[in-house]
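Peer 1: Before anything else, here's the structure in question.
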Amino acid sequence: MGPRSRERRAGAVQSTNDSSALSKSSLAARGYVQDAFVALLVPGTARRAPLIHRGYYVRARAVRHCVHAFLRRERAYPEAPRLQILSLGAGSDSLYFCLKTDGLLARAAVWEVDFPDVARRKAERIAETPELCALTGPFQRGSPASVLCFESLDYHILGLDLRQLQELDEALASAGLDVTTPTLLLAEAVLTYLEPVSAASLIAWAARRFPDALFVVYEQMKPQDAFGQFMLQHFQQLNSPLHGLDSFPDVEAQRCRFLQAGWTACSAMDMNEFYHCFLPAEERWRIENLEPFDEFEEWHLKCAHYFVLAASRGDTLSQTLVFPPAEVFPRVDPASPSGVFDARIVTNDNQGSTLKTFGHASVLLSSGIILSAGGFGEQERRHCRVNKFHLLSRNSDSEWKGFHIDSCGTGTQWDGRLYHTMTRLSDTQVLVLGGRLSPVNPALSPLQIHLFKNEDNSTESLNVTVTRAGPGNFTLSCWRHSTTEVSYKNQKYLFVYGGRSVLEPVLSDWHFLHVGTMASVKIPVEGEAPEARHSHSACSWQGGALIAGGLGASEEPLNSVLFLRPISCGFLWESIDIQPPITPRYSHTAHVLNEKLLLVGGIWIHSSLVPGVTVVNLTTGLSSEYQIDTTCVPWPLMLHNHTSILLPEEQQLLLLGGGGNCFSFGTYFNPHTVTLDLSSLSVGQ
């Protein structure tokens, strides 16, 4: 890489600091963390989305947890010299000022290193801000040519390239850093921006130079799956590509990396584990209720793709339990795959309009027509709540073609709701229940969609009208629920179960709606009621309903499979024993084929693997796993917030839409409808 290319890359990396600083400022402004200083260090303001707030919150708490564990060593060893914190790539971080205000630097000092431009800019900001100067005490500013940009009794800012280790070593020594003193080295989203050789040299240099040290790292991992690929593409487009993830793709590889570089002990975990095991339940509850939130899939995926690591050297710091034994975060890896389902594209852009959306609903009207509606998607080259309907039609040559249509008429209009359910009433009528317009605005009115053909009788000339369904006083204020057709006394009912609402983050109640009248009726249900959940799956089976997975009250995925079994006086809740137990999941889809329950995709946080298709034999209770071969499908393929349609005669499963708002990396929509070949799932298996 030439000098100019390095300069451009360095500038791109510095720009990530500016974006990160604004996110941290927004985080503090919304009350996630107590930090009065980040806004003083960052020019300008920006209001970030709740998903960004959560992501930066768990990052801040992980770093704080490690720093405080290190500083607690002072109380354990009062005779030891003062502690040192060396923040590598510190950017506009306010760590020093927060620690100083909390009285944690009485016997400790902070050194920060970043690119010269970043360091000088921060030094200037501090010098011109009285509130910050009051905390640093008397200070000196370095000359424009000096590496040392700012120096006070316990705070030093240096402008250096971390790839120049000899210069770094000399400058730190000149600034008073004592390598024999217990030292915390902090690299918060730093190492992946260095070329692998430079990152390895930095890790080894730190192990060699600091005999009594703790190295804390926070950064990205898991590049191979769909979310990881989209994450890599994002940083590549910013001209700040992530390095080393292929060589160190997970926490175990990162742990081995540090041990092999000379660190004597190392522990690491992803941010899902940190959040659930090292934050008190009351603190999680506070965070989860600070502002409306409904992006659970991307929150869990983001946490699965970042880790925090603590590596130590030295007799004293090896006793510093940064991550002491806490509540066990169970790892439930699925069994070895029993087979593979081949995935292929069903439609593409030159065959018609594709369905690029998530949070929608789909229904099979007849053997050759699939209707999808709602969700958030790409419409007329912009991202918005989708107000057009999408039809996927199969012609006489068994080829599928997709197209969008508007609703007609002057009556009720489609409102662009998300996370609703759609139930087929006939080949031309569909019932829509629940959904939301925003996390604080439920779509209350049940709707009925009517399809009818024009005079030419072609599928492409179908018209759609929307009317209000059911009695005038009936409303449903939930979303992420399920609607399943069940039978009672030879009558058809819709069983509406679970979900969430504006007031309740997770629901456990249910309703029975008579299909003919749309009236809500009471039917006795016996047995122990399941725990509350949303984003679960539900299938009709033997006149009852199979409920699988979902997200529970603590925002952890569930692995239970329940059967609402018809009995003479109503229904009975039964739990289905499955062996081996399935990995907890949510935001998946499900179908029953040949007495087998198929759980398709979804989100899980208790396994490092990627969900494929779990098959549960409903006769024996035995489960097996099937991978999805995406060789013939453009990658990435995100199997959450999608819909799926089973074509039992063809032994095929159609996957429609899917994707999400992927943290700060942008919004991703699966670009094609995909079919899975289920023929390998024989009746005898």
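Just remember, in the structure tokens the first chain shown is A, the second B, etc., residues are 1-based per chain, and ligands are 1-based in the order shown.
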If you run DSSP on the backbone here, which positions in segment 284-347 of chain A get helix (DSSP H, G or I)? Please write them as a PyMOL selection string.

Peer 2: chain A and resi 284-288+296-304+317-319

Peer 1: Within 9 Å of segment 241-254 of chain A, counting only C-alpha atoms, which residues qualify if same-chain residues fewer than 3 places away don't, as a short mmCIF file (atom, residue, chain, number, x, y, z; two decimals) with all heavy atoms, in the first residue's frame?

Peer 2:
```
data_model
loop_
_atom_site.label_atom_id
_atom_site.label_comp_id
_atom_site.auth_asym_id
_atom_site.auth_seq_id
_atom_site.Cartn_x
_atom_site.Cartn_y
_atom_site.Cartn_z
N ARG A 9 -6.88 5.83 3.74
CA ARG A 9 -7.40 4.84 4.67
C ARG A 9 -7.44 5.40 6.08
O ARG A 9 -8.41 5.21 6.82
CB ARG A 9 -6.53 3.58 4.61
CG ARG A 9 -7.02 2.42 5.45
CD ARG A 9 -8.31 1.83 4.86
NE ARG A 9 -8.15 1.47 3.48
CZ ARG A 9 -7.57 0.34 3.04
NH1 ARG A 9 -7.07 -0.51 3.91
NH2 ARG A 9 -7.53 0.05 1.77
N VAL A 13 -10.71 5.91 8.53
CA VAL A 13 -10.79 5.38 9.89
C VAL A 13 -11.10 6.50 10.88
O VAL A 13 -11.90 6.34 11.81
CB VAL A 13 -9.48 4.66 10.27
CG1 VAL A 13 -9.49 4.27 11.75
CG2 VAL A 13 -9.28 3.42 9.40
N LEU A 191 -8.27 -2.67 16.59
CA LEU A 191 -7.40 -3.65 15.96
C LEU A 191 -7.86 -4.06 14.57
O LEU A 191 -7.04 -4.31 13.68
CB LEU A 191 -7.28 -4.90 16.85
CG LEU A 191 -6.63 -4.70 18.23
CD1 LEU A 191 -6.56 -6.01 18.97
CD2 LEU A 191 -5.25 -4.08 18.09
N THR A 192 -9.17 -4.11 14.34
CA THR A 192 -9.66 -4.54 13.03
C THR A 192 -9.39 -3.51 11.94
O THR A 192 -9.47 -3.83 10.76
CB THR A 192 -11.17 -4.83 13.06
OG1 THR A 192 -11.85 -3.75 13.69
CG2 THR A 192 -11.47 -6.10 13.79
N TYR A 193 -9.09 -2.26 12.33
CA TYR A 193 -8.77 -1.25 11.33
C TYR A 193 -7.28 -1.27 10.96
O TYR A 193 -6.86 -0.56 10.05
CB TYR A 193 -9.15 0.14 11.83
CG TYR A 193 -10.65 0.30 12.01
CD1 TYR A 193 -11.20 0.51 13.28
CD2 TYR A 193 -11.51 0.21 10.93
CE1 TYR A 193 -12.57 0.64 13.45
CE2 TYR A 193 -12.88 0.34 11.10
CZ TYR A 193 -13.40 0.55 12.35
OH TYR A 193 -14.76 0.67 12.52
N LEU A 194 -6.49 -2.07 11.68
CA LEU A 194 -5.08 -2.23 11.35
C LEU A 194 -4.90 -3.44 10.44
O LEU A 194 -5.63 -4.44 10.56
CB LEU A 194 -4.26 -2.43 12.63
CG LEU A 194 -4.26 -1.30 13.66
CD1 LEU A 194 -3.50 -1.73 14.91
CD2 LEU A 194 -3.64 -0.03 13.07
N GLU A 195 -3.92 -3.36 9.55
CA GLU A 195 -3.60 -4.54 8.76
C GLU A 195 -3.19 -5.66 9.72
O GLU A 195 -2.65 -5.42 10.80
CB GLU A 195 -2.47 -4.25 7.79
CG GLU A 195 -2.84 -3.28 6.66
CD GLU A 195 -2.77 -1.82 7.09
OE1 GLU A 195 -2.43 -1.57 8.26
OE2 GLU A 195 -3.04 -0.95 6.25
N PRO A 196 -3.47 -6.93 9.35
CA PRO A 196 -3.21 -8.05 10.27
C PRO A 196 -1.80 -8.07 10.84
O PRO A 196 -1.62 -8.36 12.04
CB PRO A 196 -3.49 -9.29 9.40
CG PRO A 196 -4.50 -8.81 8.40
CD PRO A 196 -4.14 -7.39 8.12
N ALA A 199 -1.58 -5.34 13.49
CA ALA A 199 -2.34 -5.69 14.70
C ALA A 199 -1.60 -6.75 15.51
O ALA A 199 -1.51 -6.66 16.74
CB ALA A 199 -3.73 -6.19 14.31
N GLN A 220 -15.30 -6.32 16.17
CA GLN A 220 -16.20 -7.15 15.39
C GLN A 220 -15.68 -8.57 15.22
O GLN A 220 -14.49 -8.83 15.36
CB GLN A 220 -16.43 -6.53 14.01
CG GLN A 220 -16.95 -5.11 14.02
CD GLN A 220 -15.86 -4.05 14.02
OE1 GLN A 220 -14.71 -4.32 14.36
NE2 GLN A 220 -16.21 -2.83 13.63
N MET A 221 -16.61 -9.47 14.87
CA MET A 221 -16.25 -10.85 14.56
C MET A 221 -17.34 -11.46 13.69
O MET A 221 -18.25 -10.77 13.24
CB MET A 221 -16.05 -11.66 15.84
CG MET A 221 -17.31 -11.85 16.66
SD MET A 221 -17.05 -13.00 18.03
CE MET A 221 -18.68 -13.05 18.76
N LYS A 222 -17.24 -12.77 13.43
CA LYS A 222 -18.21 -13.56 12.66
C LYS A 222 -18.47 -12.96 11.27
O LYS A 222 -19.58 -12.53 10.96
CB LYS A 222 -19.52 -13.70 13.43
CG LYS A 222 -19.40 -14.51 14.71
CD LYS A 222 -20.75 -14.67 15.40
CE LYS A 222 -21.70 -15.51 14.57
NZ LYS A 222 -22.95 -15.79 15.27
N PRO A 223 -17.46 -12.99 10.40
CA PRO A 223 -17.63 -12.40 9.08
C PRO A 223 -18.35 -13.29 8.07
O PRO A 223 -18.74 -12.82 7.01
CB PRO A 223 -16.18 -12.17 8.63
CG PRO A 223 -15.42 -13.30 9.27
CD PRO A 223 -16.09 -13.51 10.61
N GLN A 224 -18.52 -14.58 8.37
CA GLN A 224 -18.96 -15.50 7.32
C GLN A 224 -20.46 -15.50 7.09
O GLN A 224 -20.91 -15.81 5.97
CB GLN A 224 -18.53 -16.94 7.66
CG GLN A 224 -17.04 -17.10 7.91
CD GLN A 224 -16.73 -17.13 9.40
OE1 GLN A 224 -17.45 -16.53 10.20
NE2 GLN A 224 -15.67 -17.83 9.76
N LEU A 232 -19.19 -6.35 6.72
CA LEU A 232 -17.93 -6.16 6.00
C LEU A 232 -18.12 -5.24 4.81
O LEU A 232 -17.28 -4.36 4.55
CB LEU A 232 -17.41 -7.52 5.52
CG LEU A 232 -16.90 -8.50 6.58
CD1 LEU A 232 -16.40 -9.77 5.91
CD2 LEU A 232 -15.80 -7.89 7.42
N GLN A 233 -19.21 -5.42 4.06
CA GLN A 233 -19.47 -4.57 2.90
C GLN A 233 -19.60 -3.11 3.31
O GLN A 233 -19.13 -2.21 2.61
CB GLN A 233 -20.74 -5.04 2.18
CG GLN A 233 -20.62 -6.40 1.52
CD GLN A 233 -21.95 -6.90 0.98
OE1 GLN A 233 -22.93 -6.15 0.88
NE2 GLN A 233 -22.01 -8.17 0.65
N HIS A 234 -20.24 -2.86 4.44
CA HIS A 234 -20.43 -1.49 4.91
C HIS A 234 -19.10 -0.80 5.15
O HIS A 234 -18.86 0.31 4.66
CB HIS A 234 -21.25 -1.51 6.20
CG HIS A 234 -21.24 -0.22 6.96
ND1 HIS A 234 -21.97 0.88 6.57
CD2 HIS A 234 -20.56 0.14 8.09
CE1 HIS A 234 -21.75 1.87 7.43
NE2 HIS A 234 -20.91 1.45 8.35
N PHE A 235 -18.21 -1.45 5.88
CA PHE A 235 -16.92 -0.83 6.18
C PHE A 235 -16.04 -0.74 4.94
O PHE A 235 -15.23 0.19 4.81
CB PHE A 235 -16.22 -1.59 7.31
CG PHE A 235 -16.83 -1.34 8.66
CD1 PHE A 235 -17.67 -2.27 9.24
CD2 PHE A 235 -16.57 -0.16 9.34
CE1 PHE A 235 -18.24 -2.04 10.47
CE2 PHE A 235 -17.13 0.08 10.58
CZ PHE A 235 -17.97 -0.86 11.15
N GLN A 236 -16.20 -1.69 4.01
CA GLN A 236 -15.45 -1.62 2.76
C GLN A 236 -15.88 -0.39 1.97
O GLN A 236 -15.05 0.33 1.39
CB GLN A 236 -15.69 -2.89 1.94
CG GLN A 236 -14.86 -2.99 0.68
CD GLN A 236 -13.39 -3.26 0.97
OE1 GLN A 236 -13.07 -4.12 1.79
NE2 GLN A 236 -12.50 -2.53 0.32
N GLN A 237 -17.18 -0.11 1.95
CA GLN A 237 -17.69 1.05 1.23
C GLN A 237 -17.23 2.36 1.86
O GLN A 237 -17.13 3.38 1.18
CB GLN A 237 -19.22 0.99 1.17
CG GLN A 237 -19.74 -0.13 0.29
CD GLN A 237 -21.23 -0.36 0.46
OE1 GLN A 237 -21.89 0.30 1.28
NE2 GLN A 237 -21.79 -1.29 -0.30
N LEU A 238 -16.93 2.33 3.16
CA LEU A 238 -16.42 3.53 3.85
C LEU A 238 -14.91 3.68 3.67
O LEU A 238 -14.32 4.62 4.22
CB LEU A 238 -16.74 3.44 5.34
CG LEU A 238 -18.22 3.51 5.75
CD1 LEU A 238 -18.36 3.36 7.25
CD2 LEU A 238 -18.87 4.79 5.27
N ARG A 257 -5.53 -16.25 19.88
CA ARG A 257 -4.66 -15.23 19.29
C ARG A 257 -3.82 -14.54 20.36
O ARG A 257 -2.60 -14.35 20.20
CB ARG A 257 -5.54 -14.21 18.55
CG ARG A 257 -4.83 -13.01 17.96
CD ARG A 257 -5.86 -11.99 17.51
NE ARG A 257 -5.32 -11.01 16.59
CZ ARG A 257 -6.02 -9.98 16.09
NH1 ARG A 257 -7.29 -9.83 16.43
NH2 ARG A 257 -5.45 -9.13 15.26
N PHE A 258 -4.46 -14.17 21.47
CA PHE A 258 -3.74 -13.46 22.52
C PHE A 258 -2.84 -14.41 23.32
O PHE A 258 -1.73 -14.03 23.71
CB PHE A 258 -4.73 -12.74 23.44
CG PHE A 258 -5.14 -11.40 22.91
CD1 PHE A 258 -6.08 -11.29 21.89
CD2 PHE A 258 -4.57 -10.24 23.41
CE1 PHE A 258 -6.44 -10.06 21.38
CE2 PHE A 258 -4.94 -9.00 22.92
CZ PHE A 258 -5.87 -8.90 21.90
N LEU A 259 -3.30 -15.62 23.56
CA LEU A 259 -2.48 -16.57 24.30
C LEU A 259 -1.21 -16.90 23.52
O LEU A 259 -0.11 -16.99 24.09
CB LEU A 259 -3.27 -17.84 24.60
CG LEU A 259 -4.45 -17.68 25.58
CD1 LEU A 259 -5.22 -18.98 25.69
CD2 LEU A 259 -3.97 -17.21 26.94
N SER A 267 -9.96 -14.26 28.48
CA SER A 267 -11.37 -14.65 28.40
C SER A 267 -12.07 -13.69 27.46
O SER A 267 -11.69 -12.52 27.34
CB SER A 267 -12.02 -14.63 29.79
OG SER A 267 -11.91 -13.35 30.38
N ALA A 268 -13.10 -14.19 26.77
CA ALA A 268 -13.81 -13.37 25.80
C ALA A 268 -15.24 -13.88 25.68
O ALA A 268 -15.53 -15.05 25.95
CB ALA A 268 -13.11 -13.41 24.44
N MET A 269 -16.13 -13.01 25.26
CA MET A 269 -17.53 -13.37 25.06
C MET A 269 -18.17 -12.39 24.10
O MET A 269 -17.70 -11.26 23.93
CB MET A 269 -18.29 -13.35 26.40
CG MET A 269 -18.40 -11.98 27.04
SD MET A 269 -19.13 -12.04 28.68
CE MET A 269 -17.85 -12.92 29.57
N ASP A 270 -19.26 -12.85 23.46
CA ASP A 270 -19.98 -11.91 22.61
C ASP A 270 -20.86 -11.03 23.48
O ASP A 270 -21.01 -11.24 24.68
CB ASP A 270 -20.75 -12.63 21.50
CG ASP A 270 -21.99 -13.39 22.00
OD1 ASP A 270 -22.51 -13.10 23.09
OD2 ASP A 270 -22.45 -14.30 21.28
N HIS A 305 -22.17 -10.21 16.78
CA HIS A 305 -21.05 -9.93 15.88
C HIS A 305 -20.02 -8.99 16.50
O HIS A 305 -19.13 -8.50 15.80
CB HIS A 305 -21.57 -9.36 14.56
CG HIS A 305 -22.21 -10.42 13.70
ND1 HIS A 305 -23.47 -10.89 13.93
CD2 HIS A 305 -21.74 -11.12 12.63
CE1 HIS A 305 -23.76 -11.83 13.04
NE2 HIS A 305 -22.73 -11.98 12.24
N PHE A 307 -17.54 -8.58 20.24
CA PHE A 307 -17.09 -9.28 21.44
C PHE A 307 -16.28 -8.33 22.31
O PHE A 307 -15.76 -7.30 21.86
CB PHE A 307 -16.24 -10.50 21.07
CG PHE A 307 -14.89 -10.16 20.48
CD1 PHE A 307 -13.77 -10.04 21.28
CD2 PHE A 307 -14.75 -9.97 19.11
CE1 PHE A 307 -12.53 -9.72 20.74
CE2 PHE A 307 -13.51 -9.65 18.55
CZ PHE A 307 -12.40 -9.52 19.37
N VAL A 308 -16.17 -8.71 23.58
CA VAL A 308 -15.27 -8.05 24.51
C VAL A 308 -14.30 -9.10 25.02
O VAL A 308 -14.69 -10.24 25.31
CB VAL A 308 -16.03 -7.37 25.66
CG1 VAL A 308 -16.85 -8.36 26.47
CG2 VAL A 308 -15.07 -6.58 26.55
N LEU A 309 -13.03 -8.73 25.10
CA LEU A 309 -11.96 -9.66 25.48
C LEU A 309 -11.07 -9.01 26.53
O LEU A 309 -10.80 -7.81 26.46
CB LEU A 309 -11.15 -10.04 24.24
CG LEU A 309 -9.88 -10.88 24.39
CD1 LEU A 309 -9.69 -11.77 23.15
CD2 LEU A 309 -8.63 -9.99 24.58
N SER A 608 -23.31 -20.29 18.08
CA SER A 608 -22.50 -19.51 17.15
C SER A 608 -22.78 -19.88 15.71
O SER A 608 -22.25 -19.26 14.79
CB SER A 608 -21.01 -19.73 17.45
OG SER A 608 -20.67 -21.10 17.33
#
```

Peer 1: Return the single residue from A:Leu654, A:Leu105, A:Ala335, A:Ala361 that is closest to Ser623 of chain A, with distances computed using only C-alpha atoms.

Peer 2: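 That would be A:Ala335, the residue with the smallest distance to Ser623 of chain A.
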
Peer 1: Would you compute the distance between atom CA of Trp635 of chain A and atom CA of Ser587 of chain A? Give it in Å to one decimal.

Peer 2: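 Interatomic distance here is 19.9 Å.
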
Peer 1: Select, from A:Thr467, A:Thr180, A:Ser568, A:Ser25, the residue with the minimum atom-to-atom distance to Ala60 of chain A, counting only C-alpha atoms.

Peer 2: A:Ser25

Peer 1: Could you pull out all residues of segment 172-321 of chain A with a DSSP call of strand (DSSP E or B) and give them as a PyMOL selection string?

Peer 2: chain A and resi 183-188+213-220+265-270+306-313

Peer 1: Restricting the output to N, CA, C and O atoms, write the selected residues as a short mmCIF file (atom, residue, chain, number, x, y, z; two decimals), in the first residue's frame.

Peer 2:
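Below is the file again.cif, written as the result:
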```cif
data_model
loop_
_atom_site.label_atom_id
_atom_site.label_comp_id
_atom_site.auth_asym_id
_atom_site.auth_seq_id
_atom_site.Cartn_x
_atom_site.Cartn_y
_atom_site.Cartn_z
N THR A 183 -0.74 -1.93 34.20
CA THR A 183 -1.28 -1.10 33.12
C THR A 183 -2.47 -1.78 32.46
O THR A 183 -2.44 -2.98 32.18
N LEU A 184 -3.50 -1.01 32.21
CA LEU A 184 -4.64 -1.44 31.39
C LEU A 184 -4.47 -0.87 30.00
O LEU A 184 -4.39 0.35 29.83
N LEU A 185 -4.39 -1.73 29.00
CA LEU A 185 -4.38 -1.29 27.61
C LEU A 185 -5.78 -1.49 27.05
O LEU A 185 -6.37 -2.59 27.18
N LEU A 186 -6.32 -0.47 26.45
CA LEU A 186 -7.69 -0.49 25.95
C LEU A 186 -7.70 -0.23 24.46
O LEU A 186 -7.17 0.79 24.00
N ALA A 187 -8.26 -1.16 23.69
CA ALA A 187 -8.39 -0.99 22.24
C ALA A 187 -9.85 -1.21 21.87
O ALA A 187 -10.32 -2.33 21.71
N GLU A 188 -10.58 -0.11 21.80
CA GLU A 188 -12.02 -0.14 21.56
C GLU A 188 -12.29 0.10 20.08
O GLU A 188 -12.19 1.23 19.60
N ALA A 213 0.00 -6.53 33.10
CA ALA A 213 -0.93 -5.74 32.29
C ALA A 213 -2.21 -6.50 32.01
O ALA A 213 -2.28 -7.73 32.10
N LEU A 214 -3.22 -5.70 31.65
CA LEU A 214 -4.51 -6.21 31.21
C LEU A 214 -4.82 -5.55 29.87
O LEU A 214 -4.75 -4.33 29.75
N PHE A 215 -5.12 -6.36 28.85
CA PHE A 215 -5.42 -5.84 27.52
C PHE A 215 -6.90 -6.09 27.25
O PHE A 215 -7.35 -7.24 27.20
N VAL A 216 -7.67 -5.02 27.09
CA VAL A 216 -9.12 -5.12 26.85
C VAL A 216 -9.41 -4.71 25.41
O VAL A 216 -8.97 -3.65 24.96
N VAL A 217 -10.14 -5.56 24.71
CA VAL A 217 -10.45 -5.33 23.29
C VAL A 217 -11.95 -5.43 23.09
O VAL A 217 -12.61 -6.32 23.65
N TYR A 218 -12.49 -4.52 22.29
CA TYR A 218 -13.88 -4.60 21.85
C TYR A 218 -13.88 -4.40 20.34
O TYR A 218 -13.38 -3.38 19.84
N GLU A 219 -14.41 -5.38 19.60
CA GLU A 219 -14.46 -5.21 18.14
C GLU A 219 -15.34 -6.26 17.50
O GLU A 219 -16.03 -7.04 18.17
N GLN A 220 -15.30 -6.32 16.17
CA GLN A 220 -16.20 -7.15 15.39
C GLN A 220 -15.68 -8.57 15.22
O GLN A 220 -14.49 -8.83 15.36
N ALA A 265 -3.28 -15.32 30.27
CA ALA A 265 -4.68 -15.70 30.50
C ALA A 265 -5.56 -14.82 29.63
O ALA A 265 -5.22 -13.67 29.34
N CYS A 266 -6.70 -15.38 29.22
CA CYS A 266 -7.57 -14.60 28.33
C CYS A 266 -8.99 -15.15 28.41
O CYS A 266 -9.19 -16.37 28.41
N SER A 267 -9.96 -14.26 28.48
CA SER A 267 -11.37 -14.65 28.40
C SER A 267 -12.07 -13.69 27.46
O SER A 267 -11.69 -12.52 27.34
N ALA A 268 -13.10 -14.19 26.77
CA ALA A 268 -13.81 -13.37 25.80
C ALA A 268 -15.24 -13.88 25.68
O ALA A 268 -15.53 -15.05 25.95
N MET A 269 -16.13 -13.01 25.26
CA MET A 269 -17.53 -13.37 25.06
C MET A 269 -18.17 -12.39 24.10
O MET A 269 -17.70 -11.26 23.93
N ASP A 270 -19.26 -12.85 23.46
CA ASP A 270 -19.98 -11.91 22.61
C ASP A 270 -20.86 -11.03 23.48
O ASP A 270 -21.01 -11.24 24.68
N TYR A 306 -20.13 -8.73 17.79
CA TYR A 306 -19.13 -7.96 18.53
C TYR A 306 -18.77 -8.73 19.80
O TYR A 306 -19.60 -9.43 20.37
N PHE A 307 -17.54 -8.58 20.24
CA PHE A 307 -17.09 -9.28 21.44
C PHE A 307 -16.28 -8.33 22.31
O PHE A 307 -15.76 -7.30 21.86
N VAL A 308 -16.17 -8.71 23.58
CA VAL A 308 -15.27 -8.05 24.51
C VAL A 308 -14.30 -9.10 25.02
O VAL A 308 -14.69 -10.24 25.31
N LEU A 309 -13.03 -8.73 25.10
CA LEU A 309 -11.96 -9.66 25.48
C LEU A 309 -11.07 -9.01 26.53
O LEU A 309 -10.80 -7.81 26.46
N ALA A 310 -10.62 -9.81 27.47
CA ALA A 310 -9.67 -9.34 28.48
C ALA A 310 -8.54 -10.36 28.59
O ALA A 310 -8.77 -11.51 28.98
N ALA A 311 -7.33 -9.94 28.20
CA ALA A 311 -6.14 -10.78 28.30
C ALA A 311 -5.22 -10.18 29.36
O ALA A 311 -5.10 -8.96 29.46
N SER A 312 -4.56 -11.04 30.13
CA SER A 312 -3.74 -10.53 31.23
C SER A 312 -2.35 -11.17 31.23
O SER A 312 -2.14 -12.26 30.69
N ARG A 313 -1.42 -10.44 31.85
CA ARG A 313 -0.07 -10.91 32.13
C ARG A 313 0.31 -10.47 33.53
O ARG A 313 -0.14 -9.43 34.01
#
```

Peer 1: If we count only C-alpha atoms and set the cut-off at 10 Å, which residues sit around Gly137 of chain A, ignoring sequence neighbours fewer than 2 positions away in its own chain? Please answer as a list in words.

Peer 2: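 Returned residues: Leu132, Cys133, Ala134, Leu135, Phe139, Glu151, Ser152, Leu153, Asp154 and Tyr155 of chain A.
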
Peer 1: Please, what distance in Å, to one decimal, runs between atom CA of Pro584 of chain A and atom CA of Pro505 of chain A?

Peer 2: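 Going from atom CA of Pro584 of chain A over to atom CA of Pro505 of chain A covers 18.9 Å.
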